[in-house]
Each structure stands twice: as C-alpha cells, then as structure tokens.
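So this block is upload-v1.txt, compact mmCIF, C-alpha atoms:
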# COMPACT_ATOMS: atom_id res chain seq x y z
CA MET A 19 21.98 11.66 31.39
CA ILE A 20 20.69 8.09 31.63
CA PRO A 21 19.18 7.37 28.22
CA ALA A 22 20.93 3.98 28.10
CA THR A 23 18.69 2.37 30.72
CA VAL A 24 15.68 4.66 30.58
CA ALA A 25 14.71 5.93 27.14
CA PHE A 26 13.47 9.27 28.43
CA GLU A 27 13.32 11.82 25.67
CA PHE A 28 11.61 15.14 25.99
CA PRO A 29 9.95 16.08 22.71
CA PRO A 30 10.63 19.50 21.18
CA ILE A 31 8.29 22.18 22.49
CA ASN A 32 6.48 22.58 19.19
CA VAL A 33 5.32 18.98 19.32
CA LEU A 34 3.72 19.67 22.69
CA LEU A 35 2.07 22.94 21.84
CA ARG A 36 1.45 23.02 18.17
CA TRP A 37 -0.34 20.69 15.81
CA GLN A 38 -0.63 20.57 12.09
CA ASP A 39 -3.23 22.94 10.80
CA VAL A 40 -6.59 21.41 9.96
CA ALA A 41 -7.33 24.38 7.73
CA PRO A 42 -5.19 27.51 7.30
CA SER A 43 -4.41 28.72 10.86
CA ILE A 44 -6.99 26.41 12.45
CA ASN A 45 -5.38 23.83 14.73
CA LYS A 46 -6.33 21.96 17.89
CA VAL A 47 -5.95 25.00 20.15
CA VAL A 48 -8.27 27.06 17.97
CA LEU A 49 -10.79 24.21 17.85
CA ILE A 50 -10.76 24.01 21.67
CA GLY A 51 -11.36 27.75 21.81
CA PHE A 52 -14.33 27.42 19.43
CA ALA A 53 -15.70 24.52 21.50
CA ALA A 54 -15.39 26.56 24.70
CA ALA A 55 -17.33 29.43 23.16
CA ILE A 56 -20.03 27.14 21.79
CA ILE A 57 -20.43 25.11 25.00
CA GLY A 58 -20.58 28.22 27.16
CA THR A 59 -23.17 29.85 24.93
CA SER A 60 -25.30 26.74 24.63
CA ILE A 61 -25.48 26.22 28.42
CA PHE A 62 -27.03 29.65 28.78
CA LEU A 63 -29.26 29.32 25.71
CA ALA A 64 -30.61 26.04 27.08
CA ALA A 65 -31.12 27.65 30.48
CA ALA A 66 -32.91 30.67 28.99
CA ARG A 67 -35.46 28.61 27.07
CA LYS A 68 -36.94 27.02 30.22
CA ASP A 69 -40.36 28.04 31.47
CA PRO A 70 -39.80 30.53 34.35
CA LYS A 71 -42.82 29.24 36.26
CA GLN A 72 -41.42 25.73 36.74
CA ALA A 73 -38.84 24.84 39.37
CA PRO A 74 -35.36 25.17 37.80
CA ARG A 75 -33.55 21.99 36.81
CA GLY A 76 -30.81 20.79 34.49
CA ALA A 77 -29.02 23.51 32.56
CA ARG A 78 -30.90 26.25 34.38
CA ASN A 79 -29.62 25.08 37.77
CA LEU A 80 -26.09 25.08 36.42
CA ALA A 81 -26.48 28.56 34.94
CA GLU A 82 -27.90 29.87 38.22
CA VAL A 83 -24.99 28.44 40.20
CA ILE A 84 -22.50 30.11 37.85
CA ILE A 85 -24.29 33.48 37.97
CA ASP A 86 -24.55 33.23 41.74
CA PHE A 87 -20.83 32.56 42.00
CA ILE A 88 -19.92 35.52 39.78
CA GLU A 89 -22.24 37.91 41.60
CA LYS A 90 -21.55 36.86 45.20
CA GLN A 91 -17.92 35.74 45.11
CA ILE A 92 -16.43 38.07 42.51
CA ILE A 93 -18.47 41.22 42.04
CA MET A 94 -19.82 41.79 45.57
CA GLN A 95 -16.35 41.13 47.05
CA THR A 96 -14.53 43.55 44.75
CA MET A 97 -16.93 46.12 43.28
CA GLY A 98 -19.93 46.14 45.58
CA PRO A 99 -23.58 46.41 44.48
CA SER A 100 -22.79 49.13 41.93
CA GLY A 101 -20.75 46.64 39.91
CA LEU A 102 -23.61 44.20 39.32
CA ALA A 103 -24.17 45.72 35.86
CA TRP A 104 -20.85 44.12 34.87
CA THR A 105 -22.18 40.59 35.48
CA PRO A 106 -22.70 39.65 31.79
CA PHE A 107 -19.17 40.70 30.78
CA LEU A 108 -17.42 39.06 33.74
CA LEU A 109 -19.63 35.96 33.49
CA SER A 110 -18.85 35.29 29.85
CA MET A 111 -15.17 36.01 30.47
CA PHE A 112 -15.00 33.63 33.44
CA LEU A 113 -16.86 30.86 31.63
CA PHE A 114 -14.79 31.16 28.46
CA ILE A 115 -11.46 31.08 30.31
CA TYR A 116 -12.59 28.17 32.47
CA LEU A 117 -13.78 26.15 29.48
CA CYS A 118 -10.49 26.89 27.71
CA ASN A 119 -8.49 25.76 30.77
CA VAL A 120 -10.34 22.57 31.52
CA PRO A 121 -9.40 20.66 28.30
CA GLY A 122 -5.88 20.55 29.78
CA ILE A 123 -6.97 17.58 31.88
CA ILE A 124 -9.65 15.96 29.73
CA PRO A 125 -8.17 12.69 28.44
CA PHE A 126 -7.30 12.56 24.71
CA ILE A 127 -7.66 16.33 24.38
CA GLN A 128 -5.19 17.40 27.10
CA MET A 129 -4.35 20.84 25.89
CA PRO A 130 -5.48 24.03 27.60
CA ALA A 131 -6.27 26.55 24.87
CA THR A 132 -4.93 29.27 27.17
CA ALA A 133 -1.47 27.69 27.10
CA ARG A 134 -0.81 29.55 23.86
CA MET A 135 0.02 33.21 24.34
CA GLY A 136 -2.43 34.49 21.72
CA LEU A 137 -5.65 33.91 23.65
CA PRO A 138 -4.57 35.36 27.04
CA ALA A 139 -2.89 38.29 25.29
CA PHE A 140 -6.08 39.12 23.43
CA MET A 141 -8.19 38.82 26.60
CA ALA A 142 -5.78 41.06 28.51
CA LEU A 143 -5.83 43.66 25.71
CA MET A 144 -9.62 43.58 25.80
CA VAL A 145 -9.60 44.14 29.57
CA TRP A 146 -7.09 46.99 29.09
CA VAL A 147 -9.42 48.70 26.62
CA VAL A 148 -12.46 48.10 28.84
CA TYR A 149 -11.03 49.58 32.04
CA ASN A 150 -9.44 52.56 30.32
CA VAL A 151 -12.67 53.38 28.48
CA THR A 152 -14.62 52.95 31.74
CA GLY A 153 -12.25 55.31 33.53
CA ILE A 154 -12.48 57.94 30.80
CA LYS A 155 -16.27 57.61 30.74
CA HIS A 156 -16.70 57.95 34.51
CA GLN A 157 -14.08 60.58 35.31
CA GLY A 158 -13.52 62.31 31.98
CA PRO A 159 -10.22 62.03 30.07
CA VAL A 160 -8.43 64.68 32.15
CA GLY A 161 -9.80 63.47 35.47
CA TYR A 162 -8.97 59.83 34.73
CA PHE A 163 -5.36 60.40 33.75
CA LYS A 164 -4.95 62.87 36.60
CA SER A 165 -6.21 60.38 39.21
CA VAL A 166 -4.06 57.60 37.74
CA LEU A 167 -0.84 59.54 37.22
CA PHE A 168 -1.10 62.01 40.11
CA PRO A 169 -2.77 60.09 42.96
CA PRO A 170 -4.02 62.52 45.62
CA GLY A 171 -2.42 62.60 49.05
CA VAL A 172 1.14 62.25 47.77
CA PRO A 173 3.66 65.04 48.52
CA LYS A 174 4.32 67.16 45.41
CA ALA A 175 8.04 66.31 45.23
CA LEU A 176 7.31 62.57 45.15
CA TYR A 177 5.41 62.88 41.85
CA ILE A 178 8.79 62.70 40.08
CA LEU A 179 8.97 59.13 41.36
CA VAL A 180 5.32 58.15 41.57
CA THR A 181 4.12 59.29 38.15
CA PRO A 182 6.45 57.18 35.98
CA ILE A 183 5.84 54.14 38.22
CA GLU A 184 2.07 54.57 37.98
CA LEU A 185 2.29 55.18 34.22
CA ILE A 186 4.17 51.93 33.63
CA SER A 187 2.28 49.83 36.17
CA THR A 188 -1.19 50.89 35.03
CA PHE A 189 -0.78 50.94 31.28
CA VAL A 190 1.97 48.38 30.61
CA VAL A 191 2.52 45.98 33.50
CA ARG A 192 -1.16 45.33 34.27
CA PRO A 193 -2.23 43.83 30.93
CA PHE A 194 1.15 42.14 30.52
CA SER A 195 1.04 40.42 33.91
CA LEU A 196 -2.63 39.54 33.43
CA ALA A 197 -1.83 37.73 30.18
CA VAL A 198 1.42 36.14 31.37
CA ARG A 199 -0.14 34.89 34.62
CA LEU A 200 -2.84 32.93 32.82
CA PHE A 201 -0.57 31.74 30.01
CA ALA A 202 2.35 30.67 32.21
CA ASN A 203 0.17 28.91 34.77
CA MET A 204 -1.55 26.80 32.14
CA LEU A 205 1.67 26.12 30.22
CA ALA A 206 3.50 25.13 33.41
CA GLY A 207 0.71 22.73 34.34
CA HIS A 208 0.69 21.27 30.85
CA LEU A 209 4.48 20.77 30.84
CA LEU A 210 4.38 19.16 34.30
CA LEU A 211 1.77 16.67 33.10
CA VAL A 212 3.84 15.95 29.98
CA ILE A 213 7.03 15.44 32.01
CA PHE A 214 5.49 12.99 34.45
CA ALA A 215 3.53 11.14 31.76
CA LEU A 216 6.70 10.71 29.69
CA LEU A 217 8.72 9.69 32.74
CA SER A 218 6.26 7.02 33.81
CA GLU A 219 5.98 5.77 30.23
CA ALA A 220 9.77 5.56 29.93
CA LEU A 221 10.08 3.72 33.25
CA PHE A 222 7.27 1.28 32.48
CA GLN A 223 9.04 0.38 29.23
CA ALA A 224 12.57 0.40 30.67
CA ARG A 225 14.99 -2.30 29.48
CA ASP A 226 16.09 -2.94 33.07
CA ARG A 227 13.29 -4.98 34.63
CA ILE A 228 14.12 -3.54 38.05
CA LEU A 229 13.09 -0.07 36.93
CA ILE A 230 9.54 -1.02 35.95
CA PRO A 231 7.99 -0.88 39.47
CA VAL A 232 9.69 2.48 40.03
CA GLY A 233 7.40 3.87 37.33
CA VAL A 234 4.53 3.75 39.83
CA LEU A 235 6.01 6.79 41.61
CA PRO A 236 5.85 9.28 38.71
CA PHE A 237 2.46 7.81 37.78
CA ALA A 238 1.14 8.60 41.27
CA VAL A 239 2.49 12.14 40.93
CA LEU A 240 0.79 12.36 37.53
CA LEU A 241 -2.56 11.44 39.08
CA PHE A 242 -2.04 13.95 41.87
CA LEU A 243 -1.08 16.70 39.40
CA THR A 244 -4.14 15.99 37.27
CA GLY A 245 -6.28 16.60 40.36
CA PHE A 246 -4.27 19.71 41.10
CA GLU A 247 -4.85 21.00 37.57
CA VAL A 248 -8.62 20.83 38.18
CA LEU A 249 -8.06 23.37 40.93
CA VAL A 250 -5.64 25.48 38.87
CA ALA A 251 -8.00 25.68 35.88
CA PHE A 252 -10.72 27.06 38.13
CA LEU A 253 -8.42 29.31 40.15
CA GLN A 254 -6.86 30.97 37.11
CA ALA A 255 -10.26 31.76 35.61
CA TYR A 256 -11.32 33.12 39.00
CA ILE A 257 -8.19 35.27 39.43
CA PHE A 258 -8.39 36.66 35.89
CA THR A 259 -12.03 37.65 36.40
CA THR A 260 -11.43 39.06 39.88
CA LEU A 261 -8.52 41.18 38.68
CA THR A 262 -10.63 42.45 35.79
CA ALA A 263 -13.33 43.44 38.28
CA VAL A 264 -10.75 45.17 40.49
CA TYR A 265 -9.27 47.12 37.58
CA ILE A 266 -12.70 48.22 36.34
CA ASN A 267 -13.64 49.24 39.89
CA MET A 268 -10.44 51.25 40.32
CA ALA A 269 -11.03 53.02 37.03
CA SER A 270 -14.66 53.89 37.69
CA HIS A 271 -14.09 55.47 41.12
CA ALA A 272 -11.65 58.32 41.61
CA GLU A 273 -9.19 57.79 44.44
CA HIS A 274 -9.76 60.06 47.39
CA MET B 12 29.30 29.91 44.55
CA GLU B 13 29.05 26.31 43.42
CA ALA B 14 26.08 27.08 41.21
CA ILE B 15 27.90 29.93 39.49
CA SER B 16 30.97 27.82 38.84
CA ALA B 17 28.71 25.06 37.54
CA ILE B 18 27.14 27.50 35.07
CA ALA B 19 30.60 28.63 34.00
CA ARG B 20 31.74 25.02 33.55
CA LEU B 21 28.64 24.11 31.54
CA ALA B 22 29.05 27.20 29.41
CA ALA B 23 32.74 26.40 28.87
CA GLU B 24 31.92 22.80 27.91
CA ALA B 25 29.28 24.00 25.51
CA GLY B 26 31.78 26.50 24.11
CA ASP B 27 34.35 23.76 23.53
CA ALA B 28 31.85 21.50 21.85
CA VAL B 29 30.70 24.01 19.28
CA ALA B 30 33.03 26.42 17.58
CA ASP B 31 30.25 28.56 16.13
CA PRO B 32 29.71 31.49 18.57
CA ALA B 33 25.95 31.69 17.92
CA ALA B 34 25.51 27.99 18.68
CA ALA B 35 27.73 28.36 21.76
CA LYS B 36 25.56 31.20 23.00
CA ALA B 37 22.40 29.13 22.45
CA ALA B 38 23.94 26.20 24.31
CA ALA B 39 24.96 28.41 27.24
CA ALA B 40 21.45 29.89 27.34
CA ALA B 41 19.91 26.42 27.39
CA ALA B 42 22.29 25.33 30.16
CA SER B 43 21.49 28.33 32.34
CA ALA B 44 17.72 28.21 31.72
CA GLY B 45 17.10 26.04 34.78
CA TYR B 46 18.89 28.49 37.05
CA ALA B 47 16.73 31.33 35.68
CA TYR B 48 13.58 29.67 36.95
CA GLY B 49 15.12 28.49 40.20
CA LEU B 50 16.30 32.00 41.09
CA ALA B 51 12.99 33.56 40.05
CA ALA B 52 11.06 31.20 42.34
CA ILE B 53 12.84 32.15 45.59
CA GLY B 54 11.27 35.55 46.23
CA PRO B 55 7.69 34.72 45.23
CA GLY B 56 7.93 31.50 47.24
CA ILE B 57 8.71 33.42 50.42
CA GLY B 58 6.11 36.06 49.55
CA ILE B 59 3.29 33.60 48.97
CA GLY B 60 4.18 31.87 52.23
CA ILE B 61 3.86 35.15 54.11
CA ILE B 62 0.56 35.99 52.38
CA PHE B 63 -1.04 32.65 53.21
CA GLY B 64 0.28 32.66 56.77
CA LYS B 65 -1.10 36.12 57.47
CA ALA B 66 -4.43 35.25 55.80
CA ILE B 67 -4.83 32.15 57.97
CA GLU B 68 -3.95 34.20 61.03
CA SER B 69 -6.59 36.81 60.28
CA MET B 70 -9.21 34.22 59.33
CA ALA B 71 -8.66 32.40 62.62
CA ARG B 72 -8.89 35.66 64.52
CA GLN B 73 -12.01 36.89 62.70
CA PRO B 74 -13.87 34.04 60.97
CA GLU B 75 -16.70 36.35 59.85
CA ALA B 76 -14.23 38.28 57.65
CA ALA B 77 -13.05 35.06 55.95
CA GLY B 78 -14.70 35.80 52.59
CA MET B 79 -13.12 39.20 52.23
CA VAL B 80 -9.74 37.97 53.43
CA ARG B 81 -9.83 35.09 50.95
CA THR B 82 -10.52 37.34 47.96
CA THR B 83 -7.78 39.77 48.97
CA MET B 84 -5.43 36.86 49.62
CA PHE B 85 -5.92 35.51 46.10
CA LEU B 86 -5.29 38.97 44.69
CA GLY B 87 -2.04 39.21 46.63
CA VAL B 88 -1.02 35.72 45.56
CA ALA B 89 -1.78 36.61 41.93
CA PHE B 90 0.45 39.70 42.06
CA THR B 91 3.29 37.88 43.82
CA GLU B 92 3.07 34.81 41.63
CA ALA B 93 3.41 36.93 38.49
CA LEU B 94 7.14 37.36 39.20
CA ALA B 95 7.72 33.62 39.41
CA LEU B 96 5.72 33.12 36.23
CA ILE B 97 7.79 35.71 34.38
CA GLY B 98 10.81 33.69 35.50
CA PHE B 99 9.15 30.59 34.06
CA VAL B 100 8.56 32.37 30.76
CA ALA B 101 12.22 33.43 30.77
CA PHE B 102 13.10 29.75 31.24
CA ILE B 103 10.95 28.75 28.27
CA LEU B 104 12.43 31.49 26.11
CA LEU B 105 16.01 30.59 27.07
CA LYS B 106 15.44 26.88 26.65
CA PHE B 107 13.45 26.71 23.45
CA ALA B 108 13.53 30.03 21.62
Once you've parsed the file, please lay out its structure as structure tokens.
Amino acid sequence: MIPATVAFEFPPINVLLRWQDVAPSINKVVLIGFAAAIIGTSIFLAAARKDPKQAPRGARNLAEVIIDFIEKQIIMQTMGPSGLAWTPFLLSMFLFIYLCNVPGIIPFIQMPATARMGLPAFMALMVWVVYNVTGIKHQGPVGYFKSVLFPPGVPKALYILVTPIELISTFVVRPFSLAVRLFANMLAGHLLLVIFALLSEALFQARDRILIPVGVLPFAVLLFLTGFEVLVAFLQAYIFTTLTAVYINMASHAEH
Amino acid sequence: MEAISAIARLAAEAGDAVADPAAAKAAAAAASAGYAYGLAAIGPGIGIGIIFGKAIESMARQPEAAGMVRTTMFLGVAFTEALALIGFVAFILLKFA
C-alpha cells in the first residue's frame, strides 16, 4: 500500500462497467451494441446497392473481403463445402461480435459491449438452440441424442462413465464456456487497460517529482496492450464463430 | 507453504479488523481472490505452451498443412484457455461480488 506517494485508487467495478441509464435499461453498453448492429448492416446494404457490372470498390470490397474470410478461413476449414449454406448466419455473428469488441480500444468509447455477460450469454444460448435444432433436424430426435449420449465405438460398460460426461459437456459446458470465454477475455482486456491507464495517470501526477518519469513505463505497456487488444478483439470473434461452426458441423453429421 | 500461510495471516488480520462474521468472510474472500486466479492460470499456461509448441513443430515439418493446423490450434487454445478464464471470473466474483 503506497497511497501516500502515489495516489493510485482503483475505482469500484461498477464505475468501470456500468453507466447511468440514458433511458430505462439503455446505457453505454447497449448503445454500443446498437451501433455495432447498425454499422454491420449498413456496410452490407451499401455493398449490395452497387452495380454488379462495375469493378467492386469501397464498401463492396470490404464486404467481399469479410465474406471471403468467413468462407475460406472458417467454414471450409471446419465444415467443408457442405457448410457454405451457413455463411449468412456465421457472417453476421462474426461481424456483430467483432464490432462489439472493437469499441474496447476506440478512444473516448473504450468499452467492449461483450464485456458484460448479457450479450455473450445470449449469443451462446442462440448457438445452443441452433446446433441442437440442426442435430435433431439432420439425425432425428432419437438419432441425435443417441449419437451424442452413446457415441459409437465405445465398449458397452464404459457408457456408465461416458454418457453423463457427454450429457454435461454437450448441453451445459459448451454454451457456458462459449459465453464465458468471450466475456472474460474482453473484461480482462478492459481491466488491464484500466489498470495501466490509472497507474500511469497516478505516476504522472505523483507528489514525489522523482516518480513522474517512472510513469513512462506503465504508459508504454498501455500502448502495447492497446495494440494487443486489436488482436484479441479479432481473435475472440474468430474463435466464437469457428466454435459455432464446429458445433453445428458435429451436430449435422452422425459420428461413425 | 508460504502462500498458504500468507492467506491464513491475511484472513486472520481481516478477521481481527471486523467483528461481523459476514464482513470477515467477504474480506477473506477479497484477500484470497488473487490466489484464485494465480492458481487457475498454471495449468492452462502449460497447456497452451504445449499446444503452440506442437503446432509450430508440425507447421515446420509440413508447411502445406499450416492452415488446417492453425485452425485446430486455435480451437485447442480456446478450450484450454476456458479454464483460466473461469478462474478469472472466480477472481472477479470473489473480489467484487
């Protein structure tokens, strides 16, 4: 504890994560979520309105790069050509999560909307519904639960062990870890940025003159972490989408 | 050993400071929150190291399979990292809830 020389105080967590409501239950996080949805939609609306005979430019180039990434890097790597029908769903999911993550490093906004549990939890629940419905549609209700709970090629006696593990891991742990992974990554990044920003501020304003140059060190780390968060924002959107694709793929093909 | 005795000392100090048992429990939870994350990070740290090491090995051995290896590597990292992140959530819950 060195508050005498360096006035370093960590604000309560609600100050960092929660703002006063603009309207009932509409705060900054919700506004960022709205903005992400609107920006994502408008990129593709602007791209769709272009004349298909002209060479693509502007918004259309951007949209093509994003679609290319989703198709080549996510769907072809996990689901194969048969999964290309899932492009619209995975594309909108990827874009929405990415645009919710990126405000974490945009100056003066600096809050990832996914750092509140509500949004990731809802997305994970949606994915849970989607892959279970896909599995039931492709394999029938009996076939789906049979292939999930009683995977073929396992000795009969081991089902006592395997079935409860599969039951919990497929229907409970999967959506939970999907939501917690996104939420905790973004929250951890946000808290790291807050800690180093506060530390450099406290050192720059320290009463001991000798401490002021030391503040350059946490500030350098802050710059580095901001760059790192650019990567994390992309990577988390990518991992969430890839895992969704993997789960849908596992549900739509019976294990042999 | 030292860490455990440090937790005990912190908990005892917190217990002395506040007579109310609920407040004492909250103080002990806040004091041990850091250890919760530190302990949770050990296993995933080793695991992610192994995953990346093996992925680099296989990419160097077979560069044409790099795309597939990279996707699978990120999947493995995501599953392993989840444990560390649950530890981080436990830290948040202990510290602030």
Select residues of chain B: the criterion is any atom within 9 Å of an atom of chain A, counting only C-alpha atoms; output as a PDB file with C-alpha atoms, in the coordinates of the input.
ATOM      1  CA  GLY B  78     -14.700  35.800  52.590  1.00  0.00           C
ATOM      2  CA  MET B  79     -13.120  39.200  52.230  1.00  0.00           C
ATOM      3  CA  THR B  82     -10.520  37.340  47.960  1.00  0.00           C
ATOM      4  CA  THR B  83      -7.780  39.770  48.970  1.00  0.00           C
ATOM      5  CA  PHE B  85      -5.920  35.510  46.100  1.00  0.00           C
ATOM      6  CA  LEU B  86      -5.290  38.970  44.690  1.00  0.00           C
ATOM      7  CA  ALA B  89      -1.780  36.610  41.930  1.00  0.00           C
ATOM      8  CA  PHE B  90       0.450  39.700  42.060  1.00  0.00           C
ATOM      9  CA  GLU B  92       3.070  34.810  41.630  1.00  0.00           C
ATOM     10  CA  ALA B  93       3.410  36.930  38.490  1.00  0.00           C
ATOM     11  CA  LEU B  94       7.140  37.360  39.200  1.00  0.00           C
ATOM     12  CA  LEU B  96       5.720  33.120  36.230  1.00  0.00           C
ATOM     13  CA  ILE B  97       7.790  35.710  34.380  1.00  0.00           C
ATOM     14  CA  PHE B  99       9.150  30.590  34.060  1.00  0.00           C
ATOM     15  CA  VAL B 100       8.560  32.370  30.760  1.00  0.00           C
ATOM     16  CA  PHE B 107      13.450  26.710  23.450  1.00  0.00           C
TER      17      PHE B 107
END
Legend entry - Top pick for closest residue to Ile61 in chain B, considering B:Ala42, B:Ala34, B:Met84, B:Ala95 and counting all atoms listed in the file: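 The closest residue to Ile61 in chain B is B:Met84.
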Inset, instruction - Please determine the residues with any atom at most 10 Å from (0.7, 25.8, 29.4) (coordinates as given in the file, with only C-alpha atoms counting) and report them as a PyMOL selection string. - result: chain A and resi 34-35+119+122+129-135+200-211
Legend entry - Residue nearest Leu243 in chain A among A:Val166, A:Val212, A:Leu113, A:Val191 (counting only C-alpha atoms): A:Val212
